[in-house]
$ cat structure_26.csv   # CSV, C-alpha atoms
chain,number,residue,atom,x,y,z
A,1,MET,CA,-13.1,-13.3,-17.8
A,2,THR,CA,-9.5,-12.8,-18.9
A,3,LYS,CA,-7.2,-15.8,-19.0
A,4,THR,CA,-3.6,-15.5,-20.1
A,5,GLY,CA,-0.9,-17.9,-21.1
A,6,SER,CA,1.9,-16.3,-19.2
A,7,PRO,CA,2.7,-17.1,-15.6
A,8,ALA,CA,3.5,-13.4,-15.0
A,9,GLU,CA,0.1,-12.1,-16.0
A,10,ARG,CA,-2.4,-13.1,-13.4
A,11,PHE,CA,-5.7,-14.7,-14.1
A,12,SER,CA,-8.5,-12.1,-13.5
A,13,SER,CA,-12.2,-12.2,-13.5
A,14,ARG,CA,-15.2,-10.2,-12.1
A,15,ASN,CA,-17.0,-13.4,-11.4
A,16,PRO,CA,-16.1,-14.8,-7.9
A,17,ASP,CA,-17.1,-18.3,-8.9
A,18,ASP,CA,-14.2,-18.3,-11.4
A,19,PHE,CA,-11.9,-18.4,-8.3
A,20,ALA,CA,-11.8,-21.5,-6.1
A,21,VAL,CA,-12.2,-21.0,-2.4
A,22,PRO,CA,-8.5,-20.7,-1.3
A,23,THR,CA,-7.1,-23.2,1.1
A,24,GLY,CA,-3.8,-21.6,1.8
A,25,ARG,CA,-1.8,-23.9,-0.4
A,26,GLU,CA,-2.1,-21.6,-3.4
A,27,GLU,CA,0.9,-19.4,-4.3
A,28,ASP,CA,-1.2,-16.2,-3.8
A,29,TRP,CA,-2.4,-17.3,-0.3
A,30,ARG,CA,0.4,-19.5,1.1
A,31,PHE,CA,1.6,-16.8,3.5
A,32,THR,CA,-1.8,-15.6,4.7
A,33,PRO,CA,-3.5,-17.0,7.9
A,34,MET,CA,-6.5,-18.4,6.0
A,35,ARG,CA,-8.4,-19.7,9.0
A,36,LYS,CA,-8.9,-16.2,10.2
A,37,LEU,CA,-10.4,-15.1,6.8
A,38,ARG,CA,-13.1,-17.8,6.4
A,39,THR,CA,-15.9,-15.3,6.7
A,40,ILE,CA,-14.8,-13.2,3.7
A,41,LEU,CA,-14.1,-16.1,1.4
A,42,ARG,CA,-17.8,-16.4,0.6
A,43,PRO,CA,-20.5,-13.8,-0.1
A,44,TYR,CA,-21.9,-12.0,2.9
A,45,GLN,CA,-24.4,-9.3,3.7
A,46,SER,CA,-22.6,-6.0,4.3
A,47,GLU,CA,-23.6,-4.9,7.8
A,48,GLY,CA,-22.9,-1.2,7.4
A,49,THR,CA,-20.7,-0.8,10.5
A,50,GLU,CA,-18.3,1.5,8.8
A,51,LYS,CA,-18.7,5.3,8.7
A,52,VAL,CA,-17.0,7.1,5.8
A,53,SER,CA,-16.6,10.9,5.6
A,54,VAL,CA,-14.8,13.0,3.0
A,55,SER,CA,-13.3,16.4,3.2
A,56,GLY,CA,-11.3,18.5,0.7
A,57,PRO,CA,-10.8,21.8,-1.1
A,58,GLN,CA,-12.5,23.4,-4.0
A,59,GLY,CA,-11.6,21.6,-7.3
A,60,ALA,CA,-12.5,18.2,-5.9
A,61,ARG,CA,-16.0,16.6,-5.9
A,62,TRP,CA,-17.3,13.5,-4.3
A,63,SER,CA,-20.5,11.6,-4.3
A,64,ILE,CA,-22.0,8.1,-3.6
A,65,VAL,CA,-22.9,6.5,-7.0
A,66,GLY,CA,-24.4,3.1,-8.0
A,67,ARG,CA,-22.9,0.2,-9.9
A,68,ASP,CA,-24.2,1.7,-13.1
A,69,HIS,CA,-21.7,4.5,-13.0
A,70,PRO,CA,-19.4,4.4,-16.0
A,71,ARG,CA,-16.2,4.7,-13.9
A,72,PHE,CA,-17.1,1.7,-11.7
A,73,GLY,CA,-14.9,-1.2,-12.8
A,74,SER,CA,-13.1,0.9,-15.5
A,75,VAL,CA,-9.7,0.1,-14.0
A,76,LEU,CA,-10.1,-2.9,-11.7
A,77,ARG,CA,-9.5,-6.5,-12.9
A,78,PRO,CA,-10.0,-8.7,-9.8
A,79,ALA,CA,-7.1,-11.1,-9.4
A,80,ASP,CA,-8.3,-13.1,-6.4
A,81,ARG,CA,-11.6,-14.3,-4.9
A,82,VAL,CA,-11.9,-11.7,-2.2
A,83,SER,CA,-11.5,-8.8,-4.6
A,84,ALA,CA,-14.0,-10.4,-7.0
A,85,LEU,CA,-16.5,-10.9,-4.1
A,86,ALA,CA,-16.2,-7.3,-3.0
A,87,PHE,CA,-16.6,-6.1,-6.6
A,88,ALA,CA,-19.7,-8.3,-7.2
A,89,ASN,CA,-21.5,-7.5,-3.9
A,90,VAL,CA,-20.8,-3.8,-3.2
A,91,SER,CA,-23.7,-1.5,-3.8
A,92,ASP,CA,-22.5,2.0,-2.9
A,93,ILE,CA,-19.4,3.4,-4.6
A,94,LEU,CA,-17.6,6.5,-3.4
A,95,PHE,CA,-16.6,8.5,-6.5
A,96,ILE,CA,-14.0,11.3,-6.1
A,97,GLU,CA,-13.3,13.5,-9.1
A,98,ILE,CA,-10.4,16.0,-9.5
A,99,ASP,CA,-11.1,18.7,-12.0
A,100,ALA,CA,-8.9,19.0,-15.1
A,101,GLU,CA,-5.9,21.4,-14.9
A,102,THR,CA,-6.6,21.9,-11.1
A,103,GLN,CA,-3.9,21.9,-8.4
A,104,LEU,CA,-5.5,21.2,-5.0
A,105,SER,CA,-4.2,23.4,-2.2
A,106,GLU,CA,-5.1,20.8,0.5
A,107,PRO,CA,-5.5,17.0,0.4
A,108,VAL,CA,-8.8,15.2,0.0
A,109,THR,CA,-9.2,13.1,3.1
A,110,VAL,CA,-11.3,10.0,3.3
A,111,THR,CA,-11.8,8.9,6.9
A,112,VAL,CA,-13.1,5.4,7.5
A,113,THR,CA,-14.1,4.4,11.0
A,114,GLY,CA,-15.2,0.8,11.7
A,115,GLU,CA,-17.2,-1.0,14.3
A,116,PRO,CA,-17.4,-4.8,14.6
A,117,GLY,CA,-19.2,-6.2,11.6
A,118,LEU,CA,-18.7,-7.2,7.9
A,119,ASN,CA,-18.3,-4.5,5.3
A,120,TYR,CA,-17.7,-4.2,1.5
A,121,GLY,CA,-16.2,-1.0,0.2
A,122,HIS,CA,-15.4,0.5,-3.2
A,123,VAL,CA,-13.8,3.8,-4.1
A,124,VAL,CA,-13.0,5.3,-7.5
A,125,VAL,CA,-10.7,8.3,-7.8
A,126,GLU,CA,-10.4,10.0,-11.1
A,127,ALA,CA,-7.7,12.6,-11.6
A,128,LYS,CA,-8.5,14.4,-14.9
A,129,PRO,CA,-5.9,15.5,-17.3
A,130,TYR,CA,-3.2,17.9,-15.9
A,131,SER,CA,-4.6,17.9,-12.4
A,132,LYS,CA,-2.6,17.6,-9.3
A,133,ALA,CA,-3.9,16.3,-6.0
A,134,THR,CA,-3.3,14.3,-2.8
A,135,VAL,CA,-5.8,11.9,-1.5
A,136,VAL,CA,-5.5,10.5,2.0
A,137,PHE,CA,-7.3,7.3,3.2
A,138,ASP,CA,-7.3,7.1,7.0
A,139,HIS,CA,-8.6,3.8,8.5
A,140,THR,CA,-9.3,3.4,12.3
A,141,GLY,CA,-11.6,1.3,14.5
A,142,ASN,CA,-12.3,-2.4,14.6
A,143,THR,CA,-14.2,-4.0,11.7
A,144,THR,CA,-13.8,-6.5,8.9
A,145,ASP,CA,-13.4,-4.7,5.6
A,146,THR,CA,-12.9,-6.0,2.1
A,147,ALA,CA,-12.6,-3.3,-0.5
A,148,ASN,CA,-11.4,-2.3,-3.9
A,149,VAL,CA,-10.0,1.1,-4.8
A,150,GLU,CA,-9.6,2.3,-8.4
A,151,PHE,CA,-7.4,5.2,-9.5
A,152,LEU,CA,-7.7,6.6,-13.0
A,153,LEU,CA,-5.1,9.2,-14.0
A,154,GLY,CA,-5.6,11.3,-17.1
A,155,ASP,CA,-2.8,12.5,-19.3
A,156,GLY,CA,-0.3,14.6,-17.4
A,157,ALA,CA,-2.1,14.2,-14.1
A,158,GLN,CA,-0.2,14.0,-10.8
A,159,LEU,CA,-1.9,12.0,-8.1
A,160,SER,CA,-0.5,11.2,-4.7
A,161,ILE,CA,-2.2,8.6,-2.5
A,162,VAL,CA,-1.5,8.1,1.2
A,163,THR,CA,-3.4,5.1,2.8
A,164,VAL,CA,-3.0,4.7,6.5
A,165,GLN,CA,-4.1,1.4,8.2
A,166,ASP,CA,-4.2,2.4,11.9
A,167,TRP,CA,-6.9,-0.1,12.8
A,168,GLY,CA,-7.7,-1.5,16.2
A,169,SER,CA,-6.3,-4.8,17.4
A,170,GLU,CA,-9.2,-7.0,16.0
A,171,ALA,CA,-9.6,-5.5,12.6
A,172,ILE,CA,-9.3,-7.4,9.3
A,173,HIS,CA,-8.6,-5.4,6.2
A,174,VAL,CA,-8.2,-7.0,2.7
A,175,SER,CA,-8.0,-4.5,-0.1
A,176,THR,CA,-6.9,-4.2,-3.7
A,177,HIS,CA,-5.7,-0.9,-5.1
A,178,THR,CA,-5.5,-0.6,-8.9
A,179,ALA,CA,-4.1,2.4,-10.9
A,180,LEU,CA,-4.3,3.1,-14.6
A,181,ILE,CA,-1.7,5.8,-15.5
A,182,GLY,CA,-2.2,8.0,-18.5
A,183,ARG,CA,0.5,9.5,-20.8
A,184,ASP,CA,3.1,11.5,-18.9
A,185,ALA,CA,1.1,11.1,-15.7
A,186,GLN,CA,2.7,10.6,-12.3
A,187,PHE,CA,1.3,8.3,-9.6
A,188,ASP,CA,2.7,8.1,-6.0
A,189,HIS,CA,1.2,5.6,-3.6
A,190,VAL,CA,2.3,5.5,0.1
A,191,SER,CA,1.0,2.8,2.4
A,192,VAL,CA,1.5,2.9,6.1
A,193,THR,CA,0.2,0.0,8.2
A,194,LEU,CA,0.4,0.2,12.0
A,195,GLY,CA,-2.7,-1.4,13.3
A,196,GLY,CA,-5.0,-4.4,12.7
A,197,ALA,CA,-5.0,-8.1,13.3
A,198,ILE,CA,-4.7,-8.9,9.6
A,199,VAL,CA,-4.0,-6.3,6.8
A,200,ARG,CA,-3.4,-7.5,3.3
A,201,LEU,CA,-3.0,-4.9,0.6
A,202,SER,CA,-2.6,-5.6,-3.1
A,203,PRO,CA,-1.5,-2.5,-5.1
A,204,THR,CA,-1.5,-3.0,-8.9
A,205,VAL,CA,-0.3,-0.5,-11.5
A,206,ARG,CA,-0.8,-0.5,-15.3
A,207,PHE,CA,0.1,2.2,-17.8
A,208,ALA,CA,-2.2,3.5,-20.5
A,209,GLY,CA,0.3,5.7,-22.4
A,210,PRO,CA,4.1,6.3,-22.7
A,211,GLY,CA,5.9,8.6,-20.2
A,212,GLY,CA,4.0,7.4,-17.1
A,213,SER,CA,5.7,7.1,-13.8
A,214,ALA,CA,4.7,5.2,-10.6
A,215,GLN,CA,6.3,5.3,-7.2
A,216,LEU,CA,5.1,2.8,-4.6
A,217,PHE,CA,6.3,3.3,-1.0
A,218,GLY,CA,5.3,1.2,2.0
A,219,LEU,CA,5.9,1.1,5.8
A,220,SER,CA,4.6,-1.4,8.3
A,221,PHE,CA,5.3,-1.9,12.0
A,222,ALA,CA,4.0,-5.2,13.2
A,223,GLY,CA,3.6,-6.1,16.8
A,224,ALA,CA,2.3,-9.2,18.7
A,225,GLY,CA,-0.1,-11.3,16.7
A,226,GLN,CA,-0.2,-8.9,13.8
A,227,HIS,CA,0.0,-10.1,10.2
A,228,PHE,CA,0.7,-7.4,7.6
A,229,GLU,CA,1.0,-8.4,3.9
A,230,SER,CA,1.7,-6.4,0.8
A,231,ARG,CA,1.4,-7.9,-2.7
A,232,LEU,CA,2.4,-5.6,-5.6
A,233,TYR,CA,2.1,-6.0,-9.3
A,234,VAL,CA,3.5,-3.5,-11.8
A,235,ASP,CA,2.6,-4.2,-15.4
A,236,HIS,CA,4.8,-2.4,-18.0
A,237,ALA,CA,3.0,-2.8,-21.3
A,238,VAL,CA,3.8,0.5,-23.1
A,239,PRO,CA,7.1,2.2,-23.9
A,240,ASN,CA,9.1,4.7,-21.9
A,241,CYS,CA,7.5,4.3,-18.4
A,242,SER,CA,9.1,4.0,-15.0
A,243,SER,CA,8.4,2.5,-11.7
A,244,ASN,CA,10.1,2.6,-8.3
A,245,VAL,CA,9.1,0.5,-5.3
A,246,VAL,CA,10.5,0.9,-1.7
A,247,TYR,CA,8.8,-1.0,1.1
A,248,LYS,CA,10.1,-1.3,4.7
A,249,SER,CA,8.9,-3.2,7.7
A,250,ALA,CA,9.8,-3.4,11.4
A,251,LEU,CA,8.7,-6.3,13.5
A,252,ASP,CA,8.7,-6.0,17.3
A,253,ALA,CA,7.3,-9.3,18.8
A,254,ASP,CA,8.0,-13.0,18.4
A,255,SER,CA,4.5,-13.5,16.9
A,256,ALA,CA,4.8,-10.5,14.5
A,257,ARG,CA,4.6,-11.4,10.8
A,258,THR,CA,5.1,-9.4,7.6
A,259,VAL,CA,4.9,-10.5,3.9
A,260,TRP,CA,6.1,-8.5,0.9
A,261,ILE,CA,5.6,-9.8,-2.7
A,262,GLY,CA,6.8,-7.6,-5.5
A,263,ASP,CA,6.0,-8.6,-9.0
A,264,VAL,CA,7.1,-6.5,-12.0
A,265,ARG,CA,6.5,-7.6,-15.6
A,266,ILE,CA,8.1,-5.8,-18.6
A,267,ARG,CA,6.3,-6.9,-21.7
A,268,PRO,CA,8.0,-7.1,-25.2
A,269,GLU,CA,6.4,-3.8,-26.3
A,270,ALA,CA,7.6,-1.9,-23.1
A,271,THR,CA,10.9,-0.6,-24.5
A,272,GLY,CA,12.7,2.1,-22.6
A,273,THR,CA,11.3,0.9,-19.3
A,274,SER,CA,13.1,1.8,-16.0
A,275,THR,CA,12.1,-0.1,-12.9
A,276,TYR,CA,13.5,-1.0,-9.5
A,277,GLU,CA,12.1,-2.5,-6.3
A,278,LEU,CA,13.5,-2.6,-2.8
A,279,ASN,CA,12.3,-4.3,0.3
A,280,ARG,CA,14.0,-4.0,3.7
A,281,ASN,CA,12.8,-5.7,7.0
A,282,LEU,CA,14.1,-5.0,10.5
A,283,LEU,CA,13.7,-7.7,13.1
A,284,LEU,CA,13.6,-6.1,16.6
A,285,THR,CA,12.7,-9.3,18.4
A,286,GLU,CA,13.8,-13.0,18.2
A,287,GLY,CA,11.1,-15.1,16.6
A,288,ALA,CA,9.6,-12.4,14.4
A,289,ARG,CA,9.3,-13.5,10.7
A,290,ALA,CA,9.4,-11.4,7.5
A,291,ASP,CA,8.9,-13.1,4.1
A,292,SER,CA,10.2,-11.2,1.1
A,293,VAL,CA,9.7,-12.4,-2.5
A,294,PRO,CA,10.8,-10.0,-5.4
A,295,ASN,CA,10.0,-11.2,-8.9
A,296,LEU,CA,11.1,-9.5,-12.1
A,297,GLU,CA,10.1,-10.8,-15.6
A,298,ILE,CA,11.7,-9.0,-18.5
A,299,GLU,CA,10.5,-9.8,-22.1
A,300,THR,CA,12.6,-7.2,-24.0
A,301,GLY,CA,16.2,-6.3,-23.9
A,302,GLU,CA,15.6,-2.7,-24.9
A,303,ILE,CA,15.1,-1.2,-21.5
A,304,THR,CA,16.8,1.6,-19.5
A,305,GLY,CA,17.2,-0.4,-16.4
A,306,ALA,CA,15.6,-3.0,-14.1
A,307,GLY,CA,16.5,-4.5,-10.8
A,308,HIS,CA,15.4,-5.5,-7.3
A,309,ALA,CA,16.9,-6.0,-3.9
A,310,SER,CA,15.7,-7.5,-0.6
A,311,ALA,CA,17.2,-7.9,2.8
A,312,THR,CA,16.0,-9.0,6.3
A,313,GLY,CA,18.1,-8.5,9.4
A,314,ARG,CA,18.2,-8.0,13.1
A,315,PHE,CA,18.8,-4.7,14.9
A,316,ASP,CA,22.2,-3.2,14.1
A,317,ASP,CA,24.2,-3.3,17.4
A,318,LEU,CA,26.9,-1.2,15.8
A,319,GLN,CA,24.6,1.7,15.3
A,320,LEU,CA,23.3,1.2,18.8
A,321,PHE,CA,26.8,1.3,20.2
A,322,TYR,CA,27.6,4.4,18.1
A,323,LEU,CA,24.7,6.4,19.5
A,324,GLN,CA,25.3,5.2,23.1
A,325,SER,CA,28.9,6.3,22.9
A,326,ARG,CA,27.5,9.8,22.3
A,327,GLY,CA,25.5,9.8,25.5
A,328,ILE,CA,22.2,8.6,24.2
A,329,PRO,CA,20.5,6.0,26.5
A,330,GLU,CA,19.9,2.6,24.9
A,331,ASP,CA,16.1,2.8,24.7
A,332,GLU,CA,16.2,6.2,23.0
A,333,ALA,CA,19.0,4.9,20.7
A,334,ARG,CA,16.8,2.0,19.6
A,335,ARG,CA,13.9,4.5,18.8
A,336,LEU,CA,16.3,6.6,16.7
A,337,VAL,CA,17.5,3.7,14.6
A,338,VAL,CA,13.9,2.7,13.8
A,339,ARG,CA,13.1,6.3,13.0
A,340,GLY,CA,16.1,6.5,10.6
A,341,PHE,CA,15.0,3.1,9.1
A,342,PHE,CA,11.6,4.5,8.2
A,343,ALA,CA,12.6,8.1,7.3
A,344,ASP,CA,13.0,7.7,3.5
A,345,VAL,CA,9.4,6.4,3.3
A,346,LEU,CA,7.8,8.9,5.6
A,347,THR,CA,9.4,11.8,3.7
A,348,HIS,CA,7.0,11.0,0.8
A,349,ILE,CA,4.0,11.9,2.9
A,350,ASN,CA,3.5,15.5,1.9
A,351,VAL,CA,0.8,16.2,4.6
A,352,ALA,CA,2.6,17.7,7.6
A,353,ALA,CA,0.0,16.9,10.2
A,354,LEU,CA,-0.3,13.3,9.1
A,355,HIS,CA,3.4,12.9,8.9
A,356,ASP,CA,3.8,14.1,12.5
A,357,ARG,CA,1.0,11.9,13.8
A,358,LEU,CA,2.4,8.8,12.2
A,359,MET,CA,5.9,9.5,13.6
A,360,ALA,CA,4.4,10.1,17.1
A,361,THR,CA,2.5,6.7,16.8
A,362,ILE,CA,5.8,4.9,15.9
A,363,ASP,CA,7.6,6.6,18.7
A,364,ALA,CA,4.9,5.6,21.1
A,365,ARG,CA,5.1,2.0,19.9
A,366,LEU,CA,8.8,2.1,20.7
A,367,GLY,CA,8.2,3.4,24.2
A,368,GLY,CA,8.6,7.1,24.0
A,369,LYS,CA,9.7,10.1,21.9
A,370,PRO,CA,13.3,10.9,21.1
A,371,SER,CA,14.6,14.3,22.0
A,372,ASP,CA,15.1,16.7,19.2
A,373,ASP,CA,18.8,16.9,19.7
A,374,ALA,CA,19.1,13.1,19.5
A,375,ALA,CA,16.9,13.0,16.4
A,376,ASP,CA,19.2,15.5,14.7
A,377,LEU,CA,22.2,13.4,15.6
A,378,VAL,CA,20.9,10.2,14.1
A,379,ALA,CA,19.8,12.1,10.9
A,380,ASP,CA,23.3,13.6,10.6
A,381,GLU,CA,25.4,10.6,11.5
A,382,THR,CA,23.6,7.4,10.7
A,383,GLY,CA,21.4,8.3,7.7
A,384,THR,CA,18.7,5.8,6.7
A,385,ALA,CA,18.8,2.0,6.3
$ encode --input "structure_26.csv" --output "structure tokens"
Amino acid sequence: MTKTGSPAERFSSRNPDDFAVPTGREEDWRFTPMRKLRTILRPYQSEGTEKVSVSGPQGARWSIVGRDHPRFGSVLRPADRVSALAFANVSDILFIEIDAETQLSEPVTVTVTGEPGLNYGHVVVEAKPYSKATVVFDHTGNTTDTANVEFLLGDGAQLSIVTVQDWGSEAIHVSTHTALIGRDAQFDHVSVTLGGAIVRLSPTVRFAGPGGSAQLFGLSFAGAGQHFESRLYVDHAVPNCSSNVVYKSALDADSARTVWIGDVRIRPEATGTSTYELNRNLLLTEGARADSVPNLEIETGEITGAGHASATGRFDDLQLFYLQSRGIPEDEARRLVVRGFFADVLTHINVAALHDRLMATIDARLGGKPSDDAADLVADETGTA
């Protein structure tokens, strides 16, 4: 058990009993619809209704290991009861290993397909020193999934993660992602949430050596009855590291809900830190609600730079008018503006087929697919939001 004296450093423990059963009044849970999560707040028997498959090129290896594997728990420090329950009760761990000094030609893809039922999950990804790889997590189907994912980056490693939550309408997905970044290593994490009843992701980043870099990007598109929540924690505790956070959400129903919490701590020893976090939310429908809470705690004056920004607003009628004045119908113009809003997040998905699939899904949610000529116009004239 780890207990701290600073409000910025969260209480953490591997013992679920060290966390009270949340009621929804706690700061960490006050935005979450707790009544719909009752079944995962206490231990349950995993029902095995998820199918997990892995594919990838030479230079990557994967296997199912037990709790006695030395990498299990080497990065994760559970900071809430659900994460601690998943850690304490999972039995099979998917271990993915990227060979040292290897540059993978294709991504490693982890496909998770869920049927109704309760499931614990745990994945450990180790990128050994000076390796370079992309790992994609693709979630579909209807299930209840509570999981932890650990990323261990050796010195000089470059690891890009793309996690797609394209669940069915009844799915519940609560997951903690934790990365430990070695000296001069680079970690990119892109989260895309399009489906599910409740999706709550908690990415956490820590640095193990100077020169590390973390970029966290997020995109969510919430519709009727969907609750998408992202809770980030970036802990700068060593010198000369950098972090950059960009999360964007669009909401297209009066019952749509998104939550973004961005916590960055710069400890006294983290001199030379550079950090920035940005959250933007686009309300396409009256009644939709987006909560955005950036937090920045700086404990040293010897930093390169630090800042945050957050904005939530309705659809820009001026952009819509501009596009319509050039002969683009209103429905297509709306799709183009949302495309432009998401563009600077989607550009960080370096898997072409996945990028195209996600864009097609977003277009379909908006009622169609813009023509190529119109897409070129909005890229040239309006830029990104």
$ closest_residue --input "structure_26.csv" --among "A:Gln226, A:Gly307, A:Pro268, A:Glu330" --to "Arg289 of chain A" --atoms "all atoms listed in the file"
A:Gln226
$ residues_near_point --input "structure_26.csv" --point "(15.9, -8.0, 15.1)" --cutoff "12 Å" --atoms "all atoms listed in the file" --output "list in words"
Ser249, Ala250, Leu251, Asp252, Ala253, Asp254, Ala256, Asn281, Leu282, Leu283, Leu284, Thr285, Glu286, Gly287, Ala288, Arg289, Ala290, Thr312, Gly313, Arg314, Phe315, Asp316, Asp317, Arg334, Val337 and Val338 of chain A
$ residues_around --input "structure_26.csv" --residues "Ser131 of chain A" --least-positions-apart "3" --cutoff "7 Å" --atoms "only C-alpha atoms" --output "list in words"
Ile98, Asp99, Ala100, Glu101, Thr102, Gln103, Ala127, Lys128, Ala157 and Gln158 of chain A
$ closest_residue --input "structure_26.csv" --among "A:Leu153, A:Ala353, A:Val21, A:Ile40" --to "Tyr120 of chain A" --atoms "all atoms listed in the file"
A:Ile40
$ residues_around --input "structure_26.csv" --residues "Gly367 of chain A" --least-positions-apart "3" --cutoff "8 Å" --atoms "all atoms listed in the file" --output "mmCIF file with C-alpha atoms, keeping the file's coordinate frame"
data_model
loop_
_atom_site.group_PDB
_atom_site.id
_atom_site.type_symbol
_atom_site.label_atom_id
_atom_site.label_comp_id
_atom_site.auth_asym_id
_atom_site.auth_seq_id
_atom_site.Cartn_x
_atom_site.Cartn_y
_atom_site.Cartn_z
ATOM 1 C CA ASP A 331 16.100 2.800 24.700
ATOM 2 C CA ARG A 335 13.900 4.500 18.800
ATOM 3 C CA ASP A 363 7.600 6.600 18.700
ATOM 4 C CA ALA A 364 4.900 5.600 21.100
#
$ closest_residue --input "structure_26.csv" --among "A:Arg183, A:Phe217, A:Val164, A:Val108" --to "Gly196 of chain A" --atoms "all atoms listed in the file"
A:Val164
$ closest_residue --input "structure_26.csv" --among "A:Thr361, A:Asn295, A:Thr258, A:Asn240" --to "Gly225 of chain A" --atoms "only C-alpha atoms"
A:Thr258
$ residues_around --input "structure_26.csv" --residues "segment 308-310 of chain A" --least-positions-apart "5" --cutoff "6 Å" --atoms "only C-alpha atoms" --output "ChimeraX atom specification"
/A:276-280
$ closest_residue --input "structure_26.csv" --among "A:Phe95, A:Phe137, A:Phe11, A:Tyr44" --to "Asp80 of chain A" --atoms "all atoms listed in the file"
A:Phe11
$ atom_distance --input "structure_26.csv" --atom1 "atom CA of Ser292 of chain A" --atom2 "atom CA of Ser242 of chain A"
22.2 Å
$ atom_distance --input "structure_26.csv" --atom1 "atom CA of Val149 of chain A" --atom2 "atom CA of Ile349 of chain A"
19.3 Å
$ closest_residue --input "structure_26.csv" --among "A:Glu106, A:Asp356, A:Asp291, A:Glu297" --to "Asp263 of chain A" --atoms "all atoms listed in the file"
A:Glu297
$ residues_around --input "structure_26.csv" --residues "Val238 of chain A" --least-positions-apart "4" --cutoff "7 Å" --atoms "all atoms listed in the file" --output "list in words"
Phe207, Gly209, Pro210, Glu269 and Ala270 of chain A
$ atom_distance --input "structure_26.csv" --atom1 "atom CA of Val190 of chain A" --atom2 "atom CA of Leu216 of chain A"
6.1 Å
$ decode --input "structure_26.csv" --residues "segment 170-182 of chain A" --atoms "N, CA and C atoms" --output "PDB file, in the first residue's frame"
ATOM      1  N   GLU A 170     -24.747  -1.870 -25.380  1.00  0.00           N
ATOM      2  CA  GLU A 170     -24.950  -2.278 -23.986  1.00  0.00           C
ATOM      3  C   GLU A 170     -23.641  -2.475 -23.223  1.00  0.00           C
ATOM      4  N   ALA A 171     -22.523  -2.294 -23.857  1.00  0.00           N
ATOM      5  CA  ALA A 171     -21.237  -2.626 -23.243  1.00  0.00           C
ATOM      6  C   ALA A 171     -20.850  -1.639 -22.148  1.00  0.00           C
ATOM      7  N   ILE A 172     -20.163  -2.171 -21.127  1.00  0.00           N
ATOM      8  CA  ILE A 172     -19.560  -1.361 -20.070  1.00  0.00           C
ATOM      9  C   ILE A 172     -18.070  -1.694 -20.041  1.00  0.00           C
ATOM     10  N   HIS A 173     -17.243  -0.663 -20.136  1.00  0.00           N
ATOM     11  CA  HIS A 173     -15.797  -0.864 -20.227  1.00  0.00           C
ATOM     12  C   HIS A 173     -15.119   0.125 -19.285  1.00  0.00           C
ATOM     13  N   VAL A 174     -14.468  -0.389 -18.241  1.00  0.00           N
ATOM     14  CA  VAL A 174     -13.735   0.441 -17.287  1.00  0.00           C
ATOM     15  C   VAL A 174     -12.303  -0.081 -17.250  1.00  0.00           C
ATOM     16  N   SER A 175     -11.358   0.761 -17.649  1.00  0.00           N
ATOM     17  CA  SER A 175      -9.986   0.276 -17.838  1.00  0.00           C
ATOM     18  C   SER A 175      -8.981   1.332 -17.410  1.00  0.00           C
ATOM     19  N   THR A 176      -7.887   0.850 -16.821  1.00  0.00           N
ATOM     20  CA  THR A 176      -6.758   1.702 -16.460  1.00  0.00           C
ATOM     21  C   THR A 176      -5.565   1.332 -17.329  1.00  0.00           C
ATOM     22  N   HIS A 177      -4.969   2.330 -17.975  1.00  0.00           N
ATOM     23  CA  HIS A 177      -3.749   2.147 -18.769  1.00  0.00           C
ATOM     24  C   HIS A 177      -2.620   2.878 -18.051  1.00  0.00           C
ATOM     25  N   THR A 178      -1.518   2.179 -17.802  1.00  0.00           N
ATOM     26  CA  THR A 178      -0.401   2.776 -17.073  1.00  0.00           C
ATOM     27  C   THR A 178       0.898   2.547 -17.826  1.00  0.00           C
ATOM     28  N   ALA A 179       1.648   3.617 -18.035  1.00  0.00           N
ATOM     29  CA  ALA A 179       2.916   3.539 -18.768  1.00  0.00           C
ATOM     30  C   ALA A 179       4.062   4.009 -17.889  1.00  0.00           C
ATOM     31  N   LEU A 180       5.193   3.296 -17.975  1.00  0.00           N
ATOM     32  CA  LEU A 180       6.442   3.703 -17.342  1.00  0.00           C
ATOM     33  C   LEU A 180       7.456   3.889 -18.458  1.00  0.00           C
ATOM     34  N   ILE A 181       7.953   5.129 -18.612  1.00  0.00           N
ATOM     35  CA  ILE A 181       8.739   5.521 -19.780  1.00  0.00           C
ATOM     36  C   ILE A 181      10.209   5.657 -19.391  1.00  0.00           C
ATOM     37  N   GLY A 182      11.059   4.909 -20.088  1.00  0.00           N
ATOM     38  CA  GLY A 182      12.481   4.923 -19.800  1.00  0.00           C
ATOM     39  C   GLY A 182      13.190   6.153 -20.359  1.00  0.00           C
TER      40      GLY A 182
END
